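Reading through the structure tokens given below for one structure.
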Amino acid sequence: MRTSVTRVLTGAAGLALMGVGASLLLDVPDLTGVVVWLGGAVVLHDALIAPLVLLIGLVLVRGGARGPVRGALLVAGALTAVALPVLLRPGKPANSSVLPLDYPRNWLLTLVAVATVTALVLAARRTRRSRRRPPS
Amino acid sequence: MFHSGLAAAVMGRMKSRFFPPVFKGGLHDARTATSIGRWLGLAFVVCFVTGLISHVLQHPPEWLADDLPSRPAWGYRLTQGLHVASGIAAIPLLLAKLWTVYPRLFAWPPVRSVRHALERVSVAVLVAAAVFEVATGLLNTAQWYPWPFSFVPVHYAVAWLVAGSLVLHIAVKAPEIRAHWSRRSPGTLALPEEDGPSRRSLLAAVAGAVGAVTVTTVGQSFTPLKDLTLLAPRHPDHGPQGLPVNRTADAAGVGLIPAERYRLTVAGPRPYTLTLDELRGLPQHEVELPIACVEGWSKSAHWTGVRVMDLLERAGALPHARVRVVSLQTRGGYRVSEMGHEHAHDPLTLLALRLNGEELSPDHGYPVRLIAPNRPGVLQTKWVGRLEVLS
């Protein structure tokens with residue numbers, strides 16, 4: 001397998017940038033905490049988030065409307081992930097301009113919007129399909 | 001993204017009926033990974049570059065400190081808005097990308113060669129650092145700090161790990177990326193044709209997710225979309241005088257400073273002190289400048305006050321002088337900020353006394369605050385009591 005010079009140089013540049021990051025990390029006083037959080041990020045994803053997503057897909061995404069249902073779950077999941085900090089942050093915010101909105105209500109609004117759009121897409125599909133095949 | 005047929009995820013005995021698990025669902029392929037990966041790569045590049053800009057503006061290295069540009073006035077507002085928006089957009093992209101390649105975690109045998117082992121280690125670093133960066137960044141925008149370390153230096157250091165391991169990953173995967181770059185690439189054509197519509201539907205859903213999280217958060221800095229701001233930690237209309245704040249007068253330990261006791265000291269070759277009435281009597285200028293916070297929110301406002309360049313000239317400062325701005329606050333960081341000559345002598349840089357036609361509220365720095373173009377919000381020092389000409 002031929003490995004081009006550009007490829008090797010790019011890889012070396014990547015290693016150099018990683019070296020910058022590692023040397024910056026060595027200056028951090030509580031390095032153990034950082035390593036635990038870095039490892040925790042992988043474990044959280046690989047052992048919890050990913051299997052959970054696969055399980056939800058296995059249970060919910062089936063039948064004739066796989067694409068739109070999968071899309072709806074994906075968009076709703078992304079909105080939920082982004083909303084988690086504003087939904088769950090404990091303690092009182094620093095002042096009234098921090099987290100000023102009614103986040104549980106807004107989050108539910110976004111989910112309702114996703115459900116509505118999905119229902120419309122499915123309805124439009126069904127109409128198109130029935131028009132294409134008029135009842136004999 | 002959700003319909004993988006995970007036959008078994010029970011990690012029992014090595015190489016048993018259950019391990020490694022079999023993924024029967026489609027789209028765990030290199031074409032899907034390439035399609036999502038290049039958008040994720042773009043988001044990370046934007047996030048990294050804008051993050052570097054923010055870092056340099058906030059913690060300039062010695063050799064650069066005096067040459068930071070004060071224009072464009074909206075520069076930091078744009079770059080930091082992009083930083084947070086690209087980081088948020090990266091969340092669905094990263095999750096979708098990791099879902100696509102998840103079966104590779106269970107590659108069998110786990111290690112084929114030294115080179116393969118190193119590659120897997122570099123991917124582990126990339127995944128750890130990428131998930132860490134988007135998670136800590138998002139939590140920081142909500143001012144939630146559940147970790148034991150200091151956010152800024154660690155978020156900065158790990159950003160280099162992401163950038164480096166991403167460049168390395170692209171170098172390692174270059175042949176596969178090339179083989180699956182377009183719909184007509186040889187690798188793509190070798191994949192099952194019936195996956196095509198499903199893949200397009202998945203990619204459309206990922207694009208929809210990026211759009212949804214962007215539209216519901218970006219209004220915190222892109223004010224035309226402020227009415228769609230549902231999930232952002234800030235809203236441009238919420239705050240004293242219709243402008244968000246980070247540190248209040250109470251939190252800074254200043255409270256309401258009595259007008260008759262306020263003095264501004266300007267230290268330089270010809271030092272002097274001004275009362276608040278004397279400051280109000282100097283030529284007033286009105287500028288429109290944004291407050292742009294490192295946490296991503298920003299809003300433009302009209303500020304009225306005295307030009308810093310006029311105050312410096314009266315103190316006998318040279319045209320290339322740097323300046324130190326000292327707050328009367330007694331608590332919290334960023335009590336002192338410094339400006340290079342470009343910011344100090346920019347006609348837009350004011351010691352502001354009024355905000356949108358009203359006297360400053362205590363939380364916005366009454367009686368006097370700094371407002372300068374292309375400058376992070378934390379360095380727009382409030383409750384200014386002293387200007388020092390440095391050189």
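Simple scheme: letters A, B, ... for chains in structure tokens order, numbers from 1 for residues in each chain, numbers from 1 for ligands in the order shown.
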
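Shell of segment 17-23 of chain A at 10 Å, with only C-alpha atoms counted and residues fewer than 2 places along the chain excluded, is A:Gly11, A:Ala12, A:Ala13, A:Gly14, A:Leu15, A:Leu25, A:Leu26, A:Asp27, A:Val28, B:Ser122, B:Val125, B:Leu126, B:Val154, B:Tyr156, B:Ala157, B:Val158, B:Ala159, B:Trp160, B:Leu161, B:Val162, B:Ala163, B:Gly164, B:Ser165, B:Leu166, B:Val167, B:Leu168.
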
Restrict the distance test to only C-alpha atoms, flag each residue of chain A within 7 Å of chain B, and return the flagged residues as a PDB file with N, CA and C atoms, in the first residue's frame.
ATOM      1  N   ARG A   7       0.160  12.570   2.930  1.00  0.00           N
ATOM      2  CA  ARG A   7      -0.574  11.867   3.972  1.00  0.00           C
ATOM      3  C   ARG A   7       0.264  11.731   5.249  1.00  0.00           C
ATOM      4  N   THR A  10       0.567  15.123   6.841  1.00  0.00           N
ATOM      5  CA  THR A  10      -0.679  15.489   7.514  1.00  0.00           C
ATOM      6  C   THR A  10      -0.797  14.769   8.856  1.00  0.00           C
ATOM      7  N   GLY A  11      -0.480  13.465   8.833  1.00  0.00           N
ATOM      8  CA  GLY A  11      -0.518  12.707  10.075  1.00  0.00           C
ATOM      9  C   GLY A  11       0.444  13.271  11.107  1.00  0.00           C
ATOM     10  N   GLY A  14      -0.926  16.332  12.600  1.00  0.00           N
ATOM     11  CA  GLY A  14      -1.937  15.982  13.593  1.00  0.00           C
ATOM     12  C   GLY A  14      -1.297  15.620  14.923  1.00  0.00           C
ATOM     13  N   LEU A  15      -0.245  14.799  14.859  1.00  0.00           N
ATOM     14  CA  LEU A  15       0.454  14.412  16.090  1.00  0.00           C
ATOM     15  C   LEU A  15       1.033  15.637  16.795  1.00  0.00           C
ATOM     16  N   ALA A  16       1.580  16.578  15.996  1.00  0.00           N
ATOM     17  CA  ALA A  16       2.165  17.780  16.590  1.00  0.00           C
ATOM     18  C   ALA A  16       1.099  18.592  17.317  1.00  0.00           C
ATOM     19  N   LEU A  17      -0.083  18.754  16.675  1.00  0.00           N
ATOM     20  CA  LEU A  17      -1.169  19.503  17.314  1.00  0.00           C
ATOM     21  C   LEU A  17      -1.617  18.803  18.605  1.00  0.00           C
ATOM     22  N   MET A  18      -1.679  17.459  18.551  1.00  0.00           N
ATOM     23  CA  MET A  18      -2.030  16.714  19.766  1.00  0.00           C
ATOM     24  C   MET A  18      -0.996  16.958  20.857  1.00  0.00           C
ATOM     25  N   VAL A  20       0.688  19.700  21.295  1.00  0.00           N
ATOM     26  CA  VAL A  20       0.397  21.007  21.888  1.00  0.00           C
ATOM     27  C   VAL A  20      -0.673  20.841  22.972  1.00  0.00           C
ATOM     28  N   GLY A  21      -1.735  20.107  22.626  1.00  0.00           N
ATOM     29  CA  GLY A  21      -2.814  19.892  23.592  1.00  0.00           C
ATOM     30  C   GLY A  21      -2.319  19.181  24.834  1.00  0.00           C
ATOM     31  N   LEU A  24      -0.233  21.470  26.974  1.00  0.00           N
ATOM     32  CA  LEU A  24      -1.088  22.438  27.678  1.00  0.00           C
ATOM     33  C   LEU A  24      -1.787  21.759  28.860  1.00  0.00           C
ATOM     34  N   LEU A  25      -2.178  20.497  28.655  1.00  0.00           N
ATOM     35  CA  LEU A  25      -2.877  19.779  29.732  1.00  0.00           C
ATOM     36  C   LEU A  25      -1.952  19.531  30.915  1.00  0.00           C
ATOM     37  N   ASP A  30      -5.328  20.131  38.167  1.00  0.00           N
ATOM     38  CA  ASP A  30      -6.068  18.912  38.498  1.00  0.00           C
ATOM     39  C   ASP A  30      -6.184  18.011  37.268  1.00  0.00           C
ATOM     40  N   GLY A  33      -8.672  14.883  37.369  1.00  0.00           N
ATOM     41  CA  GLY A  33     -10.073  15.212  37.086  1.00  0.00           C
ATOM     42  C   GLY A  33     -10.328  15.281  35.589  1.00  0.00           C
ATOM     43  N   VAL A  34      -9.395  15.876  34.848  1.00  0.00           N
ATOM     44  CA  VAL A  34      -9.559  16.003  33.404  1.00  0.00           C
ATOM     45  C   VAL A  34      -9.565  14.621  32.750  1.00  0.00           C
ATOM     46  N   LEU A  38     -12.422  12.934  30.572  1.00  0.00           N
ATOM     47  CA  LEU A  38     -12.200  12.503  29.184  1.00  0.00           C
ATOM     48  C   LEU A  38     -12.607  11.044  29.014  1.00  0.00           C
ATOM     49  N   GLY A  39     -12.157  10.188  29.938  1.00  0.00           N
ATOM     50  CA  GLY A  39     -12.529   8.774  29.875  1.00  0.00           C
ATOM     51  C   GLY A  39     -14.024   8.612  30.060  1.00  0.00           C
ATOM     52  N   ALA A  41     -16.299  10.608  29.152  1.00  0.00           N
ATOM     53  CA  ALA A  41     -17.009  10.991  27.929  1.00  0.00           C
ATOM     54  C   ALA A  41     -17.138   9.788  27.002  1.00  0.00           C
ATOM     55  N   VAL A  42     -16.046   9.003  26.854  1.00  0.00           N
ATOM     56  CA  VAL A  42     -16.087   7.819  25.983  1.00  0.00           C
ATOM     57  C   VAL A  42     -17.034   6.776  26.559  1.00  0.00           C
ATOM     58  N   ALA A  50     -24.954   5.320  22.972  1.00  0.00           N
ATOM     59  CA  ALA A  50     -25.071   4.546  21.729  1.00  0.00           C
ATOM     60  C   ALA A  50     -25.987   3.328  21.887  1.00  0.00           C
ATOM     61  N   VAL A  53     -29.580   4.534  22.047  1.00  0.00           N
ATOM     62  CA  VAL A  53     -30.079   4.975  20.741  1.00  0.00           C
ATOM     63  C   VAL A  53     -30.422   3.761  19.869  1.00  0.00           C
ATOM     64  N   LEU A  54     -29.538   2.753  19.869  1.00  0.00           N
ATOM     65  CA  LEU A  54     -29.784   1.557  19.065  1.00  0.00           C
ATOM     66  C   LEU A  54     -31.041   0.828  19.550  1.00  0.00           C
ATOM     67  N   ILE A  56     -33.641   2.177  21.173  1.00  0.00           N
ATOM     68  CA  ILE A  56     -34.821   2.971  20.795  1.00  0.00           C
ATOM     69  C   ILE A  56     -35.151   2.722  19.329  1.00  0.00           C
ATOM     70  N   GLY A  57     -34.095   2.707  18.493  1.00  0.00           N
ATOM     71  CA  GLY A  57     -34.305   2.455  17.069  1.00  0.00           C
ATOM     72  C   GLY A  57     -34.923   1.098  16.824  1.00  0.00           C
ATOM     73  N   LEU A  58     -34.423   0.105  17.553  1.00  0.00           N
ATOM     74  CA  LEU A  58     -34.905  -1.260  17.380  1.00  0.00           C
ATOM     75  C   LEU A  58     -36.387  -1.366  17.740  1.00  0.00           C
ATOM     76  N   VAL A  61     -38.434   2.217  15.493  1.00  0.00           N
ATOM     77  CA  VAL A  61     -38.347   2.469  14.051  1.00  0.00           C
ATOM     78  C   VAL A  61     -38.622   1.165  13.301  1.00  0.00           C
ATOM     79  N   GLY A  67     -38.372   5.996   7.592  1.00  0.00           N
ATOM     80  CA  GLY A  67     -37.591   7.218   7.368  1.00  0.00           C
ATOM     81  C   GLY A  67     -38.077   8.396   8.198  1.00  0.00           C
ATOM     82  N   ARG A  70     -37.707   7.782  11.990  1.00  0.00           N
ATOM     83  CA  ARG A  70     -36.303   7.899  12.385  1.00  0.00           C
ATOM     84  C   ARG A  70     -35.875   9.366  12.401  1.00  0.00           C
ATOM     85  N   GLY A  71     -36.284  10.115  11.361  1.00  0.00           N
ATOM     86  CA  GLY A  71     -35.935  11.535  11.302  1.00  0.00           C
ATOM     87  C   GLY A  71     -36.497  12.305  12.486  1.00  0.00           C
ATOM     88  N   LEU A  74     -34.592  11.525  15.579  1.00  0.00           N
ATOM     89  CA  LEU A  74     -33.261  12.120  15.526  1.00  0.00           C
ATOM     90  C   LEU A  74     -33.319  13.612  15.871  1.00  0.00           C
ATOM     91  N   VAL A  75     -34.261  14.329  15.254  1.00  0.00           N
ATOM     92  CA  VAL A  75     -34.363  15.768  15.510  1.00  0.00           C
ATOM     93  C   VAL A  75     -34.775  16.001  16.969  1.00  0.00           C
ATOM     94  N   ALA A  78     -31.805  15.362  19.210  1.00  0.00           N
ATOM     95  CA  ALA A  78     -30.812  16.435  19.163  1.00  0.00           C
ATOM     96  C   ALA A  78     -31.286  17.644  19.960  1.00  0.00           C
ATOM     97  N   LEU A  79     -32.566  18.012  19.808  1.00  0.00           N
ATOM     98  CA  LEU A  79     -33.111  19.145  20.559  1.00  0.00           C
ATOM     99  C   LEU A  79     -33.024  18.866  22.063  1.00  0.00           C
ATOM    100  N   VAL A  82     -29.400  19.176  23.342  1.00  0.00           N
ATOM    101  CA  VAL A  82     -28.973  20.568  23.466  1.00  0.00           C
ATOM    102  C   VAL A  82     -29.695  21.255  24.631  1.00  0.00           C
ATOM    103  N   ALA A  83     -30.917  20.804  24.933  1.00  0.00           N
ATOM    104  CA  ALA A  83     -31.699  21.443  26.001  1.00  0.00           C
ATOM    105  C   ALA A  83     -31.327  20.931  27.390  1.00  0.00           C
ATOM    106  N   PRO A  85     -28.702  20.952  29.446  1.00  0.00           N
ATOM    107  CA  PRO A  85     -28.143  21.865  30.458  1.00  0.00           C
ATOM    108  C   PRO A  85     -29.148  22.910  30.961  1.00  0.00           C
ATOM    109  N   VAL A  86     -29.922  23.521  30.044  1.00  0.00           N
ATOM    110  CA  VAL A  86     -30.853  24.553  30.515  1.00  0.00           C
ATOM    111  C   VAL A  86     -32.028  23.929  31.258  1.00  0.00           C
ATOM    112  N   ARG A  89     -29.952  22.261  34.877  1.00  0.00           N
ATOM    113  CA  ARG A  89     -28.947  22.945  35.692  1.00  0.00           C
ATOM    114  C   ARG A  89     -29.483  23.186  37.104  1.00  0.00           C
ATOM    115  N   SER A  96     -30.996  37.459  36.788  1.00  0.00           N
ATOM    116  CA  SER A  96     -32.250  37.156  36.088  1.00  0.00           C
ATOM    117  C   SER A  96     -32.101  37.100  34.574  1.00  0.00           C
ATOM    118  N   SER A  97     -30.952  37.523  34.028  1.00  0.00           N
ATOM    119  CA  SER A  97     -30.793  37.423  32.577  1.00  0.00           C
ATOM    120  C   SER A  97     -30.135  36.101  32.168  1.00  0.00           C
ATOM    121  N   VAL A  98     -29.728  35.294  33.148  1.00  0.00           N
ATOM    122  CA  VAL A  98     -29.188  33.957  32.864  1.00  0.00           C
ATOM    123  C   VAL A  98     -30.338  32.960  32.972  1.00  0.00           C
ATOM    124  N   LEU A  99     -30.528  32.128  31.962  1.00  0.00           N
ATOM    125  CA  LEU A  99     -31.625  31.152  31.900  1.00  0.00           C
ATOM    126  C   LEU A  99     -32.969  31.822  32.191  1.00  0.00           C
ATOM    127  N   PRO A 100     -33.322  32.846  31.404  1.00  0.00           N
ATOM    128  CA  PRO A 100     -34.530  33.619  31.709  1.00  0.00           C
ATOM    129  C   PRO A 100     -35.824  32.991  31.187  1.00  0.00           C
ATOM    130  N   TYR A 103     -37.920  26.911  30.150  1.00  0.00           N
ATOM    131  CA  TYR A 103     -37.325  25.889  29.292  1.00  0.00           C
ATOM    132  C   TYR A 103     -38.132  24.597  29.170  1.00  0.00           C
ATOM    133  N   ASN A 106     -40.685  25.394  26.601  1.00  0.00           N
ATOM    134  CA  ASN A 106     -40.097  25.561  25.266  1.00  0.00           C
ATOM    135  C   ASN A 106     -39.648  24.238  24.672  1.00  0.00           C
ATOM    136  N   TRP A 107     -39.082  23.387  25.516  1.00  0.00           N
ATOM    137  CA  TRP A 107     -38.627  22.072  25.046  1.00  0.00           C
ATOM    138  C   TRP A 107     -39.821  21.265  24.535  1.00  0.00           C
TER     139      TRP A 107
END

| field | Selection near Gly316 of chain B, 8 Å with only C-alpha atoms, sequence-local residues under 2 positions removed, as a list in words | value | Gly268, Pro269, Arg270, Leu312, Glu313, Arg314 and Leu318 of chain B

File of the preceding selection, N, CA and C atoms, as a short mmCIF file (atom, residue, chain, number, x, y, z; two decimals), in the first residue's frame:
data_model
loop_
_atom_site.label_atom_id
_atom_site.label_comp_id
_atom_site.auth_asym_id
_atom_site.auth_seq_id
_atom_site.Cartn_x
_atom_site.Cartn_y
_atom_site.Cartn_z
N GLY B 268 -0.97 59.08 34.15
CA GLY B 268 -0.11 59.16 32.97
C GLY B 268 0.90 60.25 33.19
N PRO B 269 1.55 60.71 32.10
CA PRO B 269 2.53 61.80 32.25
C PRO B 269 1.91 63.04 32.91
N ARG B 270 0.61 63.35 32.59
CA ARG B 270 -0.06 64.48 33.24
C ARG B 270 -1.34 63.98 33.91
N LEU B 312 -6.97 60.09 27.17
CA LEU B 312 -5.54 59.75 27.16
C LEU B 312 -4.71 60.93 26.67
N GLU B 313 -5.24 61.63 25.66
CA GLU B 313 -4.51 62.77 25.11
C GLU B 313 -4.31 63.84 26.19
N ARG B 314 -5.39 64.06 26.97
CA ARG B 314 -5.32 65.06 28.03
C ARG B 314 -4.29 64.67 29.09
N LEU B 318 1.27 59.09 24.73
CA LEU B 318 1.74 59.03 23.35
C LEU B 318 0.73 58.24 22.52
#

| field | Among the residues B:Arg31, B:Arg38, B:Arg307, B:Lys24, the one that comes closest to Ala372 of chain B [using only C-alpha atoms] | value |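 So, comparing all the options, the nearest one is B:Arg307.
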
| message | Could you check the closest approach to Thr304 of chain B for each of B:Ala90, B:Val49, B:Leu353, B:Leu379 and tell me which residue wins, using only C-alpha atoms? | response | B:Leu353

Write out as a compact mmCIF listing (two decimals) with N, CA and C atoms, in the first residue's frame which residues come within 9 Å of Leu350 of chain B when counting only C-alpha atoms, dropping same-chain ones fewer than 5 positions away.
# COMPACT_ATOMS: atom_id res chain seq x y z
N HIS B 285 -19.86 61.44 22.99
CA HIS B 285 -19.98 60.79 21.68
C HIS B 285 -20.93 59.62 21.81
N GLU B 286 -21.69 59.37 20.72
CA GLU B 286 -22.56 58.21 20.74
C GLU B 286 -22.06 57.19 19.74
N VAL B 287 -21.96 55.95 20.17
CA VAL B 287 -21.53 54.87 19.28
C VAL B 287 -22.51 53.71 19.40
N TRP B 303 -24.38 53.51 22.94
CA TRP B 303 -23.65 53.94 24.13
C TRP B 303 -23.25 55.40 23.95
N THR B 304 -23.35 56.18 25.01
CA THR B 304 -22.94 57.58 24.97
C THR B 304 -21.93 57.82 26.08
N GLY B 305 -20.86 58.53 25.76
CA GLY B 305 -19.86 58.81 26.78
C GLY B 305 -18.67 59.53 26.21
N VAL B 306 -17.55 59.46 26.94
CA VAL B 306 -16.35 60.20 26.59
C VAL B 306 -15.38 59.25 25.90
N ARG B 307 -14.76 59.75 24.83
CA ARG B 307 -13.78 58.92 24.13
C ARG B 307 -12.56 58.68 25.02
N VAL B 308 -12.12 57.43 25.05
CA VAL B 308 -10.91 57.11 25.81
C VAL B 308 -9.71 57.84 25.21
N MET B 309 -9.68 57.98 23.85
CA MET B 309 -8.53 58.65 23.23
C MET B 309 -8.42 60.12 23.67
N ARG B 369 -18.59 52.85 32.41
CA ARG B 369 -18.04 51.57 31.99
C ARG B 369 -17.28 51.73 30.69
N LEU B 370 -16.41 50.77 30.41
CA LEU B 370 -15.69 50.74 29.15
C LEU B 370 -16.55 50.04 28.10
N ILE B 371 -16.58 50.58 26.89
CA ILE B 371 -17.15 49.85 25.76
C ILE B 371 -16.23 50.08 24.56
N ALA B 372 -15.71 49.00 24.00
CA ALA B 372 -14.75 49.11 22.90
C ALA B 372 -15.15 48.13 21.81

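The coordinates place atom CA of Val84 of chain B at 15.9 Å from atom CA of Trp39 of chain B.
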
| task | Return as a list in words the full set of residues in segment 44-286 of chain B whose backbone-based DSSP assignment is strand (DSSP E or B). | result |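 Here are the strand (DSSP E or B) residues of segment 44-286 of chain B: Arg263, Leu264, Thr265, Val266, Ala267, Tyr272, Thr273, Leu274, Thr275, His285 and Glu286 of chain B.
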
Residues of the last selection are to be written out with N, CA and C atoms, as a PDB file, in the first residue's frame.
ATOM      1  N   ARG B 263     -15.068  59.271  41.525  1.00  0.00           N
ATOM      2  CA  ARG B 263     -13.943  59.960  40.891  1.00  0.00           C
ATOM      3  C   ARG B 263     -13.336  59.037  39.842  1.00  0.00           C
ATOM      4  N   LEU B 264     -12.979  59.631  38.685  1.00  0.00           N
ATOM      5  CA  LEU B 264     -12.192  58.891  37.697  1.00  0.00           C
ATOM      6  C   LEU B 264     -10.772  59.417  37.751  1.00  0.00           C
ATOM      7  N   THR B 265      -9.813  58.529  37.998  1.00  0.00           N
ATOM      8  CA  THR B 265      -8.408  58.919  38.017  1.00  0.00           C
ATOM      9  C   THR B 265      -7.772  58.475  36.715  1.00  0.00           C
ATOM     10  N   VAL B 266      -7.100  59.386  36.039  1.00  0.00           N
ATOM     11  CA  VAL B 266      -6.356  59.035  34.839  1.00  0.00           C
ATOM     12  C   VAL B 266      -4.876  59.210  35.151  1.00  0.00           C
ATOM     13  N   ALA B 267      -4.137  58.108  35.197  1.00  0.00           N
ATOM     14  CA  ALA B 267      -2.721  58.148  35.550  1.00  0.00           C
ATOM     15  C   ALA B 267      -1.889  58.134  34.282  1.00  0.00           C
ATOM     16  N   TYR B 272      -4.661  63.269  36.214  1.00  0.00           N
ATOM     17  CA  TYR B 272      -5.731  64.145  36.705  1.00  0.00           C
ATOM     18  C   TYR B 272      -6.893  63.293  37.201  1.00  0.00           C
ATOM     19  N   THR B 273      -7.807  63.962  37.887  1.00  0.00           N
ATOM     20  CA  THR B 273      -8.972  63.279  38.431  1.00  0.00           C
ATOM     21  C   THR B 273     -10.214  64.048  38.014  1.00  0.00           C
ATOM     22  N   LEU B 274     -11.283  63.322  37.685  1.00  0.00           N
ATOM     23  CA  LEU B 274     -12.526  63.966  37.261  1.00  0.00           C
ATOM     24  C   LEU B 274     -13.673  63.504  38.143  1.00  0.00           C
ATOM     25  N   THR B 275     -14.592  64.412  38.444  1.00  0.00           N
ATOM     26  CA  THR B 275     -15.845  64.011  39.091  1.00  0.00           C
ATOM     27  C   THR B 275     -16.798  63.536  37.994  1.00  0.00           C
ATOM     28  N   HIS B 285     -19.861  61.444  22.989  1.00  0.00           N
ATOM     29  CA  HIS B 285     -19.985  60.793  21.684  1.00  0.00           C
ATOM     30  C   HIS B 285     -20.930  59.617  21.812  1.00  0.00           C
ATOM     31  N   GLU B 286     -21.692  59.373  20.724  1.00  0.00           N
ATOM     32  CA  GLU B 286     -22.565  58.208  20.741  1.00  0.00           C
ATOM     33  C   GLU B 286     -22.059  57.187  19.738  1.00  0.00           C
TER      34      GLU B 286
END

| Close residues, segment 116-130 of chain A itself excluded, 7 Å, only C-alpha atoms, min 3 positions apart in chain, as an NGL selection string | :A and (68 or 72 or 112-113 or 133-134)

Take the residues from that selection and write them out as a CSV table (one decimal), in the first residue's frame, keeping N, CA and C atoms.
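Final output, result-v9.csv:
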chain,number,residue,atom,x,y,z
A,68,PRO,N,-39.4,8.8,8.0
A,68,PRO,CA,-39.8,9.9,8.8
A,68,PRO,C,-39.8,9.7,10.3
A,72,ALA,N,-37.8,12.0,12.8
A,72,ALA,CA,-38.4,12.7,13.9
A,72,ALA,C,-37.7,12.4,15.2
A,112,VAL,N,-43.4,19.2,20.2
A,112,VAL,CA,-44.7,19.2,19.5
A,112,VAL,C,-44.5,19.6,18.0
A,113,ALA,N,-43.7,20.6,17.8
A,113,ALA,CA,-43.4,21.0,16.4
A,113,ALA,C,-42.8,19.9,15.6
A,133,ARG,N,-52.1,5.9,-7.1
A,133,ARG,CA,-52.8,4.6,-7.4
A,133,ARG,C,-54.3,4.8,-7.1
A,134,PRO,N,-55.0,5.4,-8.1
A,134,PRO,CA,-56.4,5.7,-7.8
A,134,PRO,C,-57.2,4.3,-7.6

| request: Enumerate, as an NGL selection string, the complete set of residues in segment 4-119 of chain A that a backbone-based DSSP assignment places in alpha helix (DSSP H). | output: :A and (5-26 or 31-43 or 50-60 or 66-88 or 103-119)

Produce a file of the selected residues containing C-alpha atoms, as a compact mmCIF listing (two decimals), in the first residue's frame.
# COMPACT_ATOMS: atom_id res chain seq x y z
CA VAL A 5 4.10 12.08 1.42
CA THR A 6 1.19 14.49 1.94
CA ARG A 7 -0.57 11.87 3.97
CA VAL A 8 2.42 11.24 6.20
CA LEU A 9 2.99 14.97 6.68
CA THR A 10 -0.68 15.49 7.51
CA GLY A 11 -0.52 12.71 10.08
CA ALA A 12 2.63 14.21 11.57
CA ALA A 13 0.96 17.61 11.75
CA GLY A 14 -1.94 15.98 13.59
CA LEU A 15 0.45 14.41 16.09
CA ALA A 16 2.16 17.78 16.59
CA LEU A 17 -1.17 19.50 17.31
CA MET A 18 -2.03 16.71 19.77
CA GLY A 19 1.34 17.34 21.39
CA VAL A 20 0.40 21.01 21.89
CA GLY A 21 -2.81 19.89 23.59
CA ALA A 22 -1.01 17.37 25.79
CA SER A 23 1.62 19.89 26.87
CA LEU A 24 -1.09 22.44 27.68
CA LEU A 25 -2.88 19.78 29.73
CA LEU A 26 0.28 19.07 31.73
CA LEU A 31 -5.05 16.60 35.68
CA THR A 32 -6.68 13.52 37.23
CA GLY A 33 -10.07 15.21 37.09
CA VAL A 34 -9.56 16.00 33.40
CA VAL A 35 -8.52 12.42 32.57
CA VAL A 36 -11.54 11.05 34.46
CA TRP A 37 -13.84 13.36 32.52
CA LEU A 38 -12.20 12.50 29.18
CA GLY A 39 -12.53 8.77 29.88
CA GLY A 40 -16.02 9.33 31.23
CA ALA A 41 -17.01 10.99 27.93
CA VAL A 42 -16.09 7.82 25.98
CA VAL A 43 -17.74 5.48 28.48
CA ALA A 50 -25.07 4.55 21.73
CA PRO A 51 -26.73 1.34 23.06
CA LEU A 52 -29.73 3.39 24.19
CA VAL A 53 -30.08 4.98 20.74
CA LEU A 54 -29.78 1.56 19.06
CA LEU A 55 -32.38 0.11 21.45
CA ILE A 56 -34.82 2.97 20.79
CA GLY A 57 -34.31 2.46 17.07
CA LEU A 58 -34.90 -1.26 17.38
CA VAL A 59 -38.16 -0.77 19.29
CA LEU A 60 -39.64 2.33 17.62
CA ARG A 66 -39.24 4.18 8.96
CA GLY A 67 -37.59 7.22 7.37
CA PRO A 68 -39.84 9.94 8.81
CA VAL A 69 -40.07 8.26 12.23
CA ARG A 70 -36.30 7.90 12.38
CA GLY A 71 -35.94 11.54 11.30
CA ALA A 72 -38.40 12.72 13.94
CA LEU A 73 -36.61 10.79 16.69
CA LEU A 74 -33.26 12.12 15.53
CA VAL A 75 -34.36 15.77 15.51
CA ALA A 76 -36.18 15.39 18.84
CA GLY A 77 -33.14 13.66 20.32
CA ALA A 78 -30.81 16.44 19.16
CA LEU A 79 -33.11 19.15 20.56
CA THR A 80 -33.28 17.27 23.87
CA ALA A 81 -29.51 16.84 24.05
CA VAL A 82 -28.97 20.57 23.47
CA ALA A 83 -31.70 21.44 26.00
CA LEU A 84 -30.35 19.21 28.80
CA PRO A 85 -28.14 21.87 30.46
CA VAL A 86 -30.85 24.55 30.51
CA LEU A 87 -33.45 22.00 31.67
CA LEU A 88 -31.40 20.34 34.39
CA TYR A 103 -37.32 25.89 29.29
CA PRO A 104 -39.56 22.88 30.07
CA ARG A 105 -42.38 24.60 28.17
CA ASN A 106 -40.10 25.56 25.27
CA TRP A 107 -38.63 22.07 25.05
CA LEU A 108 -42.12 20.55 24.87
CA LEU A 109 -43.02 23.13 22.19
CA THR A 110 -40.09 21.99 20.05
CA LEU A 111 -41.16 18.35 20.46
CA VAL A 112 -44.74 19.21 19.49
CA ALA A 113 -43.39 21.02 16.43
CA VAL A 114 -41.34 17.96 15.45
CA ALA A 115 -44.36 15.68 15.88
CA THR A 116 -46.56 18.03 13.83
CA VAL A 117 -44.09 18.31 10.97
CA THR A 118 -43.66 14.51 10.94
CA ALA A 119 -47.42 13.94 10.87

| Residues near Ala179 of chain B, cut-off 10 Å, only C-alpha atoms, skip fewer than 4 positions along chain, as a VMD selection string | chain B and resid 30 to 31 34 173 to 175 183 to 190
